[in-house]
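What follows is the content of start-v7.tsv (TSV, C-alpha atoms and all ligand atoms).
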```tsv
chain	number	residue	atom	x	y	z
A	19	MET	CA	0.00	0.00	0.00
A	20	LEU	CA	1.30	3.46	-0.91
A	21	ALA	CA	2.08	5.81	2.00
A	22	PRO	CA	-0.30	8.80	2.05
A	23	LYS	CA	1.17	11.88	0.42
A	24	LYS	CA	2.52	14.53	2.74
A	25	ASN	CA	0.82	17.88	2.59
A	26	ILE	CA	3.04	20.62	1.18
A	27	TYR	CA	2.34	24.17	2.34
A	28	VAL	CA	3.35	27.45	0.74
A	29	THR	CA	5.93	27.85	3.46
A	30	GLN	CA	7.26	26.11	6.54
A	31	PRO	CA	8.75	28.16	9.36
A	32	HIS	CA	12.51	27.88	9.47
A	33	LEU	CA	13.83	26.98	12.92
A	34	PRO	CA	17.34	26.71	14.36
A	35	PRO	CA	18.38	23.36	15.90
A	36	LEU	CA	16.59	23.05	19.24
A	37	GLU	CA	19.79	22.27	21.15
A	38	GLU	CA	21.16	25.70	20.21
A	39	LEU	CA	18.26	27.31	22.05
A	40	THR	CA	18.76	25.62	25.42
A	41	PRO	CA	21.85	27.55	26.64
A	42	PHE	CA	20.13	30.83	25.75
A	43	LEU	CA	17.02	29.83	27.66
A	44	GLU	CA	19.17	29.00	30.65
A	45	GLN	CA	20.62	32.49	30.45
A	46	ILE	CA	17.17	34.07	30.32
A	47	TRP	CA	16.11	32.02	33.35
A	48	GLU	CA	19.30	33.15	35.09
A	49	ASN	CA	18.93	36.84	34.09
A	50	LYS	CA	15.22	37.04	34.90
A	51	VAL	CA	15.01	39.75	32.26
A	52	LEU	CA	12.19	38.77	29.94
A	53	THR	CA	11.50	41.99	28.06
A	54	ASN	CA	12.02	45.81	28.20
A	55	ASN	CA	15.18	46.21	26.14
A	56	GLY	CA	16.94	43.19	27.68
A	57	PRO	CA	20.46	42.06	26.80
A	58	PHE	CA	19.40	39.75	23.92
A	59	HIS	CA	17.16	42.48	22.53
A	60	ARG	CA	20.08	44.89	22.46
A	61	GLN	CA	22.37	42.27	20.93
A	62	LEU	CA	19.87	41.41	18.19
A	63	GLU	CA	19.44	45.08	17.28
A	64	GLU	CA	23.22	45.40	16.88
A	65	GLU	CA	23.63	42.17	14.93
A	66	LEU	CA	20.74	42.95	12.62
A	67	CYS	CA	22.16	46.40	11.86
A	68	ARG	CA	25.43	44.75	10.83
A	69	HIS	CA	23.76	41.96	8.90
A	70	LEU	CA	21.34	44.19	7.02
A	71	GLY	CA	23.69	47.12	6.43
A	72	VAL	CA	21.52	49.67	8.24
A	73	LYS	CA	22.40	52.16	10.95
A	74	HIS	CA	19.46	52.22	13.35
A	75	LEU	CA	16.93	49.48	14.00
A	76	SER	CA	14.19	49.14	16.62
A	77	LEU	CA	12.82	45.67	17.28
A	78	PHE	CA	9.05	45.22	17.50
A	79	ALA	CA	6.60	42.60	18.70
A	80	ASN	CA	5.34	42.26	15.12
A	81	GLY	CA	5.37	44.08	11.81
A	82	THR	CA	1.84	45.47	12.10
A	83	LEU	CA	2.67	47.33	15.32
A	84	GLY	CA	5.80	48.54	13.52
A	85	LEU	CA	3.67	50.04	10.74
A	86	VAL	CA	1.21	51.62	13.17
A	87	THR	CA	4.08	53.10	15.18
A	88	ALA	CA	6.04	54.31	12.12
A	89	LEU	CA	2.99	56.36	11.06
A	90	GLN	CA	2.69	57.74	14.62
A	91	ALA	CA	6.39	58.57	14.78
A	92	LEU	CA	6.20	60.76	11.68
A	93	ARG	CA	2.81	62.19	12.74
A	94	ILE	CA	1.20	61.13	9.48
A	95	GLY	CA	-2.46	62.07	9.06
A	96	GLY	CA	-4.98	62.95	6.34
A	97	GLU	CA	-4.50	60.75	3.28
A	98	VAL	CA	-1.76	58.27	2.45
A	99	ILE	CA	-1.12	56.79	-0.98
A	100	THR	CA	-0.67	53.04	-0.87
A	101	THR	CA	-0.96	49.81	-2.81
A	102	PRO	CA	-4.01	47.53	-2.79
A	103	TYR	CA	-1.77	44.57	-3.68
A	104	SER	CA	-0.45	43.57	-0.26
A	105	PHE	CA	-1.32	41.84	2.96
A	106	VAL	CA	-4.22	43.60	4.65
A	107	ALA	CA	-2.02	44.88	7.53
A	108	THR	CA	-0.56	47.53	5.21
A	109	ALA	CA	-3.86	49.39	4.87
A	110	HIS	CA	-5.11	48.45	8.35
A	111	SER	CA	-2.16	50.36	9.85
A	112	LEU	CA	-3.59	53.48	8.20
A	113	LEU	CA	-7.11	52.95	9.55
A	114	TRP	CA	-5.69	52.39	13.06
A	115	ASN	CA	-4.19	55.88	12.75
A	116	GLY	CA	-7.40	57.46	11.45
A	117	ILE	CA	-5.77	57.94	8.03
A	118	LYS	CA	-7.63	57.59	4.73
A	119	PRO	CA	-5.92	55.12	2.38
A	120	VAL	CA	-5.76	56.22	-1.27
A	121	PHE	CA	-5.11	53.23	-3.51
A	122	VAL	CA	-2.95	53.56	-6.59
A	123	ASP	CA	-2.46	50.83	-9.19
A	124	ILE	CA	0.60	48.59	-9.42
A	125	ASP	CA	3.13	47.88	-12.11
A	126	PRO	CA	2.12	44.56	-13.74
A	127	VAL	CA	5.67	43.16	-13.75
A	128	THR	CA	6.98	44.11	-10.29
A	129	PHE	CA	3.57	44.13	-8.52
A	130	ASN	CA	4.75	47.32	-6.75
A	131	LEU	CA	3.12	50.77	-6.71
A	132	ASP	CA	3.42	52.31	-10.18
A	133	PRO	CA	5.20	55.65	-9.59
A	134	SER	CA	3.79	57.11	-12.80
A	135	LYS	CA	0.30	56.91	-11.28
A	136	ILE	CA	1.09	58.43	-7.90
A	137	GLU	CA	1.01	62.12	-8.78
A	138	ALA	CA	-2.57	62.02	-10.02
A	139	ALA	CA	-3.68	60.72	-6.60
A	140	ILE	CA	-2.04	63.50	-4.55
A	141	THR	CA	-4.43	65.99	-2.92
A	142	PRO	CA	-3.86	68.79	-0.37
A	143	GLN	CA	-4.58	66.17	2.34
A	144	THR	CA	-1.85	63.76	1.21
A	145	SER	CA	0.90	63.46	3.79
A	146	ALA	CA	2.80	60.31	2.85
A	147	ILE	CA	3.29	57.34	0.54
A	148	LEU	CA	3.20	53.81	1.95
A	149	PRO	CA	4.58	51.44	-0.72
A	150	VAL	CA	5.34	47.73	-0.27
A	151	HIS	CA	8.39	45.90	-1.65
A	152	CYS	CA	6.05	43.15	-2.76
A	153	TYR	CA	7.56	39.62	-2.64
A	154	GLY	CA	10.84	41.36	-1.74
A	155	THR	CA	11.10	43.06	-5.15
A	156	PRO	CA	12.42	46.59	-4.61
A	157	CYS	CA	10.04	49.43	-5.42
A	158	ASP	CA	11.23	52.10	-7.84
A	159	VAL	CA	12.67	53.95	-4.85
A	160	ASP	CA	14.27	56.78	-6.84
A	161	ALA	CA	11.07	57.69	-8.67
A	162	ILE	CA	9.04	57.51	-5.45
A	163	GLN	CA	11.54	59.71	-3.58
A	164	GLN	CA	11.47	62.26	-6.40
A	165	ILE	CA	7.69	62.57	-6.11
A	166	ALA	CA	7.89	62.74	-2.31
A	167	ASP	CA	10.47	65.54	-2.53
A	168	ASN	CA	8.42	67.47	-5.07
A	169	TYR	CA	5.27	67.34	-2.93
A	170	ASN	CA	6.89	67.35	0.53
A	171	LEU	CA	5.57	63.91	1.43
A	172	LYS	CA	7.01	61.30	3.79
A	173	VAL	CA	7.72	57.77	2.55
A	174	ILE	CA	7.30	54.74	4.80
A	175	TYR	CA	8.17	51.44	3.17
A	176	ASP	CA	6.34	48.31	4.20
A	177	ALA	CA	9.39	46.08	3.86
A	178	ALA	CA	7.75	43.04	5.48
A	179	HIS	CA	8.95	40.83	2.58
A	180	ALA	CA	12.32	42.49	2.07
A	181	PHE	CA	14.67	41.09	4.73
A	182	GLY	CA	18.20	41.21	3.35
A	183	VAL	CA	17.18	42.56	-0.07
A	184	GLU	CA	19.59	44.91	-1.80
A	185	CYS	CA	18.96	47.17	-4.76
A	186	HIS	CA	21.33	49.21	-6.96
A	187	CYS	CA	22.72	51.10	-3.96
A	188	GLY	CA	22.87	48.62	-1.07
A	189	SER	CA	20.18	47.68	1.44
A	190	ILE	CA	16.69	48.48	0.22
A	191	LEU	CA	15.87	49.27	3.85
A	192	ASN	CA	17.79	52.55	3.74
A	193	HIS	CA	15.27	54.18	1.41
A	194	GLY	CA	12.42	56.44	2.41
A	195	ASP	CA	11.95	57.99	5.84
A	196	LEU	CA	11.35	54.66	7.59
A	197	SER	CA	11.16	50.99	6.62
A	198	VAL	CA	9.22	48.33	8.49
A	199	LEU	CA	10.13	44.63	8.54
A	200	SER	CA	8.09	41.64	9.66
A	201	PHE	CA	9.65	38.62	11.38
A	202	HIS	CA	6.42	36.62	11.37
A	203	ALA	CA	6.71	32.83	11.33
A	204	THR	CA	6.09	32.76	7.57
A	205	LYS	CA	8.89	35.15	6.72
A	206	VAL	CA	12.44	34.45	5.48
A	207	PHE	CA	13.76	35.50	8.90
A	208	ASN	CA	11.40	34.79	11.77
A	209	THR	CA	11.35	35.31	15.52
A	210	PHE	CA	7.99	33.44	15.87
A	211	GLU	CA	6.34	36.89	15.83
A	212	GLY	CA	8.38	40.04	15.45
A	213	GLY	CA	9.29	43.03	13.37
A	214	ALA	CA	11.52	46.08	13.19
A	215	ILE	CA	11.63	49.70	12.09
A	216	ILE	CA	14.73	51.02	10.33
A	217	SER	CA	15.43	54.68	11.13
A	218	PRO	CA	17.83	57.02	9.35
A	219	ASP	CA	19.17	58.65	12.55
A	220	LEU	CA	19.52	58.01	16.27
A	221	LYS	CA	17.00	60.68	17.29
A	222	THR	CA	14.26	59.04	15.26
A	223	LYS	CA	15.18	55.60	16.60
A	224	GLN	CA	15.00	56.88	20.19
A	225	HIS	CA	11.59	58.41	19.54
A	226	ILE	CA	10.38	55.12	18.08
A	227	ASP	CA	11.85	53.21	21.04
A	228	ASN	CA	9.85	55.46	23.35
A	229	LEU	CA	6.67	54.97	21.34
A	230	LYS	CA	6.94	51.19	21.50
A	231	ASN	CA	7.18	51.41	25.29
A	232	PHE	CA	3.98	53.38	26.05
A	233	GLY	CA	5.78	56.69	25.36
A	234	PHE	CA	7.93	56.39	28.47
A	235	VAL	CA	11.19	58.31	28.68
A	236	GLY	CA	12.81	57.26	31.93
A	237	GLU	CA	10.82	56.10	34.92
A	238	THR	CA	8.18	58.76	35.39
A	239	THR	CA	7.95	60.76	32.19
A	240	VAL	CA	5.56	59.91	29.36
A	241	VAL	CA	6.06	62.01	26.23
A	242	ALA	CA	3.54	60.50	23.82
A	243	PRO	CA	0.56	58.13	23.73
A	244	GLY	CA	2.76	55.14	22.91
A	245	ILE	CA	1.81	51.51	22.76
A	246	ASN	CA	3.23	48.23	24.00
A	247	ALA	CA	5.07	46.90	20.96
A	248	LYS	CA	8.27	45.61	22.54
A	249	MET	CA	9.95	42.42	21.40
A	250	ASN	CA	10.52	39.95	24.25
A	251	GLU	CA	13.80	38.22	25.07
A	252	PHE	CA	12.69	34.82	23.82
A	253	SER	CA	11.99	36.18	20.35
A	254	ALA	CA	15.27	38.12	20.42
A	255	VAL	CA	17.19	34.91	21.17
A	256	LEU	CA	15.46	33.16	18.30
A	257	GLY	CA	16.50	36.01	16.04
A	258	LEU	CA	20.14	35.63	17.12
A	259	LEU	CA	20.02	31.91	16.33
A	260	GLN	CA	18.25	32.44	13.00
A	261	LEU	CA	21.04	34.77	11.94
A	262	ARG	CA	23.55	31.93	12.33
A	263	HIS	CA	21.70	29.92	9.70
A	264	ILE	CA	20.29	32.55	7.37
A	265	ASP	CA	22.95	32.24	4.65
A	266	ALA	CA	22.39	28.50	4.23
A	267	ALA	CA	18.62	29.06	4.22
A	268	LEU	CA	18.86	31.67	1.47
A	269	LEU	CA	21.11	29.43	-0.62
A	270	ARG	CA	18.54	26.65	-0.53
A	271	ARG	CA	15.75	29.09	-1.38
A	272	ARG	CA	17.77	30.23	-4.39
A	273	GLU	CA	18.13	26.65	-5.63
A	274	ILE	CA	14.39	26.08	-5.36
A	275	ASP	CA	13.71	29.34	-7.18
A	276	SER	CA	15.97	28.42	-10.08
A	277	ILE	CA	14.47	24.90	-10.43
A	278	TYR	CA	10.94	26.38	-10.66
A	279	ARG	CA	12.11	28.90	-13.24
A	280	GLU	CA	13.77	26.24	-15.35
A	281	GLU	CA	10.98	23.69	-15.16
A	282	LEU	CA	8.09	26.10	-15.70
A	283	ALA	CA	9.71	28.24	-18.39
A	284	ASP	CA	8.00	26.44	-21.29
A	285	VAL	CA	4.56	25.88	-19.79
A	286	THR	CA	2.08	27.75	-21.97
A	287	GLY	CA	0.00	30.20	-19.96
A	288	ILE	CA	2.27	30.21	-16.90
A	289	THR	CA	4.58	33.18	-16.28
A	290	CYS	CA	7.29	33.35	-13.64
A	291	PRO	CA	7.71	37.11	-13.16
A	292	PRO	CA	11.36	38.04	-13.67
A	293	ARG	CA	13.45	39.39	-10.79
A	294	GLU	CA	15.65	42.44	-11.23
A	295	VAL	CA	19.09	41.19	-12.18
A	296	GLN	CA	21.06	43.73	-10.18
A	297	MET	CA	19.41	43.01	-6.84
A	298	VAL	CA	20.33	40.71	-3.97
A	299	ASP	CA	17.19	38.63	-3.63
A	300	ASN	CA	15.85	36.77	-0.59
A	301	TYR	CA	13.66	34.31	-2.55
A	302	ALA	CA	10.88	34.88	-0.06
A	303	TYR	CA	8.06	33.93	-2.45
A	304	PHE	CA	7.67	32.19	-5.77
A	305	PRO	CA	4.70	33.82	-7.53
A	306	ILE	CA	3.41	32.57	-10.88
A	307	LEU	CA	0.73	34.09	-13.10
A	308	VAL	CA	-1.84	31.81	-14.69
A	309	ASP	CA	-3.31	33.35	-17.84
A	310	GLU	CA	-6.02	32.38	-20.35
A	311	ASN	CA	-3.59	30.28	-22.42
A	312	TYR	CA	-3.21	27.74	-19.62
A	313	SER	CA	-5.53	24.73	-19.64
A	314	LEU	CA	-7.12	25.69	-16.31
A	315	ASN	CA	-7.98	29.03	-14.80
A	316	ARG	CA	-6.13	30.16	-11.68
A	317	ASP	CA	-8.73	28.91	-9.22
A	318	GLU	CA	-9.06	25.56	-10.99
A	319	LEU	CA	-5.29	25.07	-10.71
A	320	TYR	CA	-5.37	26.18	-7.07
A	321	ILE	CA	-8.13	23.67	-6.28
A	322	LYS	CA	-6.42	20.90	-8.25
A	323	MET	CA	-3.23	21.46	-6.25
A	324	ARG	CA	-5.10	21.44	-2.95
A	325	GLY	CA	-6.77	18.19	-3.98
A	326	ASP	CA	-3.30	16.72	-4.24
A	327	GLY	CA	-2.13	18.11	-0.88
A	328	VAL	CA	-0.25	21.11	-2.27
A	329	PHE	CA	-1.39	24.20	-0.42
A	330	ALA	CA	-0.17	27.03	-2.64
A	331	ARG	CA	-1.61	30.45	-1.74
A	332	ARG	CA	-3.27	33.21	-3.75
A	333	TYR	CA	-1.17	36.09	-2.39
A	334	PHE	CA	-2.71	38.64	-2.82
A	335	TYR	CA	-6.34	37.70	-3.35
A	336	PRO	CA	-8.69	39.30	-2.53
A	337	LEU	CA	-7.14	42.71	-3.08
A	338	ILE	CA	-7.17	44.93	0.00
A	339	SER	CA	-9.34	47.41	-1.90
A	340	ASN	CA	-12.03	44.75	-2.29
A	341	PHE	CA	-12.42	44.07	1.45
A	342	PRO	CA	-15.60	45.54	3.02
A	343	MET	CA	-13.87	48.28	5.04
A	344	TYR	CA	-12.08	49.64	1.93
A	345	ARG	CA	-14.30	49.00	-1.08
A	346	GLY	CA	-16.39	52.13	-0.54
A	347	LEU	CA	-13.40	54.39	-1.15
A	348	ALA	CA	-13.33	56.14	-4.52
A	349	SER	CA	-9.77	54.92	-5.11
A	350	ALA	CA	-10.85	51.29	-4.52
A	351	ARG	CA	-12.91	51.17	-7.73
A	352	PRO	CA	-11.70	48.25	-9.90
A	353	ASP	CA	-11.31	50.56	-12.93
A	354	ASN	CA	-8.73	52.55	-10.94
A	355	LEU	CA	-6.79	49.39	-10.13
A	356	ILE	CA	-6.79	47.41	-13.35
A	357	ASN	CA	-3.32	45.84	-13.01
A	358	ALA	CA	-3.82	44.99	-9.35
A	359	ASN	CA	-7.17	43.31	-10.00
A	360	LYS	CA	-5.74	41.36	-12.92
A	361	ALA	CA	-2.71	40.15	-10.93
A	362	SER	CA	-4.93	39.26	-7.98
A	363	ASN	CA	-7.01	37.02	-10.26
A	364	GLN	CA	-4.00	35.31	-11.88
A	365	ILE	CA	-1.54	34.88	-9.03
A	366	ILE	CA	-0.47	31.76	-7.16
A	367	CYS	CA	2.52	31.63	-4.82
A	368	LEU	CA	4.19	28.21	-4.91
A	369	PRO	CA	5.79	26.45	-1.94
A	370	ILE	CA	9.31	27.72	-1.23
A	371	TYR	CA	11.21	27.14	2.01
A	372	PRO	CA	14.60	25.70	2.91
A	373	LEU	CA	13.37	22.24	3.93
A	374	LEU	CA	11.24	21.71	0.82
A	375	GLU	CA	12.57	18.43	-0.60
A	376	ASN	CA	13.39	17.97	-4.28
A	377	SER	CA	10.75	15.25	-4.57
A	378	GLU	CA	8.16	17.60	-3.05
A	379	GLN	CA	9.07	20.38	-5.46
A	380	ARG	CA	8.80	17.81	-8.28
A	381	ARG	CA	5.22	17.07	-7.17
A	382	VAL	CA	4.35	20.76	-7.34
A	383	ILE	CA	5.93	21.15	-10.78
A	384	ASP	CA	4.28	18.01	-12.18
A	385	LEU	CA	0.85	19.24	-11.06
A	386	ILE	CA	1.37	22.46	-13.00
A	387	VAL	CA	2.99	20.93	-16.07
A	388	SER	CA	0.24	18.30	-16.43
A	389	GLY	CA	-2.39	21.08	-16.60
A	401	LIG	C1	3.25	43.15	3.30
A	401	LIG	C2	3.01	42.87	4.75
A	401	LIG	N1	2.85	43.90	5.59
A	401	LIG	C3	2.66	43.71	6.90
A	401	LIG	C4	2.62	42.45	7.44
A	401	LIG	C5	2.33	42.30	8.90
A	401	LIG	O1	3.40	41.77	9.61
A	401	LIG	P1	3.14	40.97	10.97
A	401	LIG	O2	2.47	39.69	10.62
A	401	LIG	O3	4.54	40.75	11.50
A	401	LIG	O4	2.33	41.83	11.85
A	401	LIG	C6	2.79	41.33	6.59
A	401	LIG	C7	2.78	39.94	7.03
A	401	LIG	O5	2.51	39.33	7.91
A	401	LIG	C8	2.98	41.55	5.21
A	401	LIG	O6	3.12	40.52	4.37
```
Just give me the structure as structure tokens.
Amino acid sequence: MLAPKKNIYVTQPHLPPLEELTPFLEQIWENKVLTNNGPFHRQLEEELCRHLGVKHLSLFANGTLGLVTALQALRIGGEVITTPYSFVATAHSLLWNGIKPVFVDIDPVTFNLDPSKIEAAITPQTSAILPVHCYGTPCDVDAIQQIADNYNLKVIYDAAHAFGVECHCGSILNHGDLSVLSFHATKVFNTFEGGAIISPDLKTKQHIDNLKNFGFVGETTVVAPGINAKMNEFSAVLGLLQLRHIDAALLRRREIDSIYREELADVTGITCPPREVQMVDNYAYFPILVDENYSLNRDELYIKMRGDGVFARRYFYPLISNFPMYRGLASARPDNLINANKASNQIICLPIYPLLENSEQRRVIDLIVSG
């Protein structure tokens, strides 16, 4: 009798060997410092700055609180231009700050905000742009900065997918006024839950550090209505251990990426969107587009794969602009977001993670090739 097939998910959290964790746990038990800028928290901030090539980084309990706090730190209000093609937390962080999202369409190749469409969406109420480096592909940062400079707008990058990504001039995280990372379990670098804000200068970092600790400065002074968004010591330790293994993990992701590209290149109706050649990639996702020349439509392929135990995901479907709390906005109209709606209806992200076995990847490929 054949063994039942193992389910294959779009990702599997990457974990360091358990035995590496034990000595750190013993130290936490010894220290009795569990949170509030503990020693492992400070060490992870330093090591991440070195690893990522950034100057100032504040750890967070998760990426969403990082986004909410980044908007607070820069006192953003009114309207913010953003992409509908993202995880819902991007736009939710605006609503949590009482800000009106203004959706602008994406570029059909990079899936990122199309800079040529931003200017038309600017009004006297616009205070910032909130783009996403979708799937870790760098936004057109120079064009976006030019627009921001011309109209005196802030730029906060949702860099949740962009851990370790470099563009033409080094770390992508050094662009804009602030960048926000997510270290959620599904991400290339995870701390179970976690996130970070990258600041350009120490003063901004200190302000953000205050905001993530209820607005406290010292023992008795509260300077702002901050929140509790601190990363705990356990997550910080995990981050330190993940850093030991990140290079090997990325190497394996790269192999998987190139096998998909090779094996799917000639499948009619399937496109593997190209990556920019001059970037350092993190291979966080492997999106494919399923068009009308393929034998099945996107949802039929998705259901076929699920039927065979392959749980690919339709990131990002539905579009944020089609969720009930956003669809009433004028900018959410489908005719304003043609590329985003099209991508959302054609996209599937295939399984990619370091422990994906060759035979498992073969199963995924065969399901697609057989149509
Ligand atoms: C683009 C994007 N922004 C924000 C988030 C929110 O991050 P977190 O889950 O760490 O709160 C995520 C993912 O989880 C994401 O994919």
Taking (22.2, 45.3, 0.9) in the file's coordinates as the center, which residues reach within 12 Å of it, counting only C-alpha atoms, put as a VMD selection string? chain A and resid 67 to 72 156 180 to 193 296 to 300
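Across the structure, atom CA of Cys290 of chain A and atom CA of Ile306 of chain A are spaced 4.8 Å apart.
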Report, in Å with one decimal, the straight-line distance from atom CA of Leu196 of chain A to atom CA of Leu77 of chain A. 13.3 Å
Using all atoms listed in the file, find each residue with an atom at most 6 Å away from ligand LIG 401 (chain A) and format the answer as a ChimeraX atom specification. /A:80-82,104-105,107-108,176,178,200-202,212-213
Fewer than 5 positions away in the same chain doesn't count, so skip those; otherwise give me all residues within 8 Å of segment 315-327 of chain A, counting only C-alpha atoms, as a tab-separated table (two decimals) with C-alpha atoms, in the coordinates of the input.
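In the end it all went to out-v5.tsv:
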```
chain	number	residue	atom	x	y	z
A	23	LYS	CA	1.17	11.88	0.42
A	24	LYS	CA	2.52	14.53	2.74
A	25	ASN	CA	0.82	17.88	2.59
A	26	ILE	CA	3.04	20.62	1.18
A	308	VAL	CA	-1.84	31.81	-14.69
A	309	ASP	CA	-3.31	33.35	-17.84
A	310	GLU	CA	-6.02	32.38	-20.35
A	363	ASN	CA	-7.01	37.02	-10.26
A	364	GLN	CA	-4.00	35.31	-11.88
A	365	ILE	CA	-1.54	34.88	-9.03
A	366	ILE	CA	-0.47	31.76	-7.16
A	382	VAL	CA	4.35	20.76	-7.34
A	385	LEU	CA	0.85	19.24	-11.06
A	386	ILE	CA	1.37	22.46	-13.00
A	389	GLY	CA	-2.39	21.08	-16.60
```
Between atom CA of Leu92 of chain A and atom CA of Lys230 of chain A, what distance in Å does the model show, to one decimal? 13.7 Å
Would you mind putting back all heavy atoms on segment 325-332 of chain A, then writing it out as an mmCIF file, keeping the file's coordinate frame?
```
data_model
loop_
_atom_site.group_PDB
_atom_site.id
_atom_site.type_symbol
_atom_site.label_atom_id
_atom_site.label_comp_id
_atom_site.auth_asym_id
_atom_site.auth_seq_id
_atom_site.Cartn_x
_atom_site.Cartn_y
_atom_site.Cartn_z
ATOM 1 N N GLY A 325 -6.263 19.559 -3.927
ATOM 2 C CA GLY A 325 -6.770 18.190 -3.980
ATOM 3 C C GLY A 325 -5.639 17.179 -3.887
ATOM 4 O O GLY A 325 -5.830 16.036 -3.475
ATOM 5 N N ASP A 326 -4.450 17.611 -4.287
ATOM 6 C CA ASP A 326 -3.300 16.720 -4.240
ATOM 7 C C ASP A 326 -2.387 17.036 -3.047
ATOM 8 O O ASP A 326 -1.229 16.623 -2.999
ATOM 9 C CB ASP A 326 -2.510 16.858 -5.549
ATOM 10 C CG ASP A 326 -1.831 15.539 -5.893
ATOM 11 O OD1 ASP A 326 -2.552 14.593 -6.230
ATOM 12 O OD2 ASP A 326 -0.581 15.462 -5.759
ATOM 13 N N GLY A 327 -2.895 17.833 -2.106
ATOM 14 C CA GLY A 327 -2.130 18.110 -0.880
ATOM 15 C C GLY A 327 -1.092 19.199 -1.029
ATOM 16 O O GLY A 327 -0.192 19.323 -0.202
ATOM 17 N N VAL A 328 -1.213 20.004 -2.093
ATOM 18 C CA VAL A 328 -0.250 21.110 -2.270
ATOM 19 C C VAL A 328 -0.992 22.422 -1.992
ATOM 20 O O VAL A 328 -1.842 22.836 -2.776
ATOM 21 C CB VAL A 328 0.365 21.108 -3.680
ATOM 22 C CG1 VAL A 328 1.232 22.356 -3.880
ATOM 23 C CG2 VAL A 328 1.191 19.848 -3.895
ATOM 24 N N PHE A 329 -0.653 23.028 -0.872
ATOM 25 C CA PHE A 329 -1.390 24.200 -0.420
ATOM 26 C C PHE A 329 -0.665 25.474 -0.822
ATOM 27 O O PHE A 329 -0.086 26.181 -0.002
ATOM 28 C CB PHE A 329 -1.638 24.121 1.091
ATOM 29 C CG PHE A 329 -2.605 23.018 1.440
ATOM 30 C CD1 PHE A 329 -2.171 21.696 1.522
ATOM 31 C CD2 PHE A 329 -3.952 23.293 1.620
ATOM 32 C CE1 PHE A 329 -3.068 20.665 1.809
ATOM 33 C CE2 PHE A 329 -4.854 22.269 1.902
ATOM 34 C CZ PHE A 329 -4.412 20.952 1.996
ATOM 35 N N ALA A 330 -0.686 25.751 -2.143
ATOM 36 C CA ALA A 330 -0.170 27.030 -2.640
ATOM 37 C C ALA A 330 -1.140 28.117 -2.165
ATOM 38 O O ALA A 330 -2.252 27.814 -1.712
ATOM 39 C CB ALA A 330 -0.098 26.987 -4.160
ATOM 40 N N ARG A 331 -0.733 29.377 -2.240
ATOM 41 C CA ARG A 331 -1.610 30.450 -1.740
ATOM 42 C C ARG A 331 -1.787 31.533 -2.802
ATOM 43 O O ARG A 331 -0.871 31.826 -3.570
ATOM 44 C CB ARG A 331 -1.008 31.089 -0.485
ATOM 45 C CG ARG A 331 -0.979 30.173 0.733
ATOM 46 C CD ARG A 331 -2.364 29.811 1.258
ATOM 47 N NE ARG A 331 -3.095 30.975 1.689
ATOM 48 C CZ ARG A 331 -3.105 31.455 2.925
ATOM 49 N NH1 ARG A 331 -2.426 30.839 3.880
ATOM 50 N NH2 ARG A 331 -3.783 32.532 3.237
ATOM 51 N N ARG A 332 -2.983 32.121 -2.802
ATOM 52 C CA ARG A 332 -3.270 33.210 -3.750
ATOM 53 C C ARG A 332 -2.913 34.545 -3.101
ATOM 54 O O ARG A 332 -3.800 35.330 -2.768
ATOM 55 C CB ARG A 332 -4.738 33.157 -4.169
ATOM 56 C CG ARG A 332 -5.068 31.932 -5.002
ATOM 57 C CD ARG A 332 -6.548 31.727 -5.152
ATOM 58 N NE ARG A 332 -7.179 31.399 -3.859
ATOM 59 C CZ ARG A 332 -8.452 31.099 -3.706
ATOM 60 N NH1 ARG A 332 -9.248 31.071 -4.754
ATOM 61 N NH2 ARG A 332 -8.933 30.813 -2.515
#
```
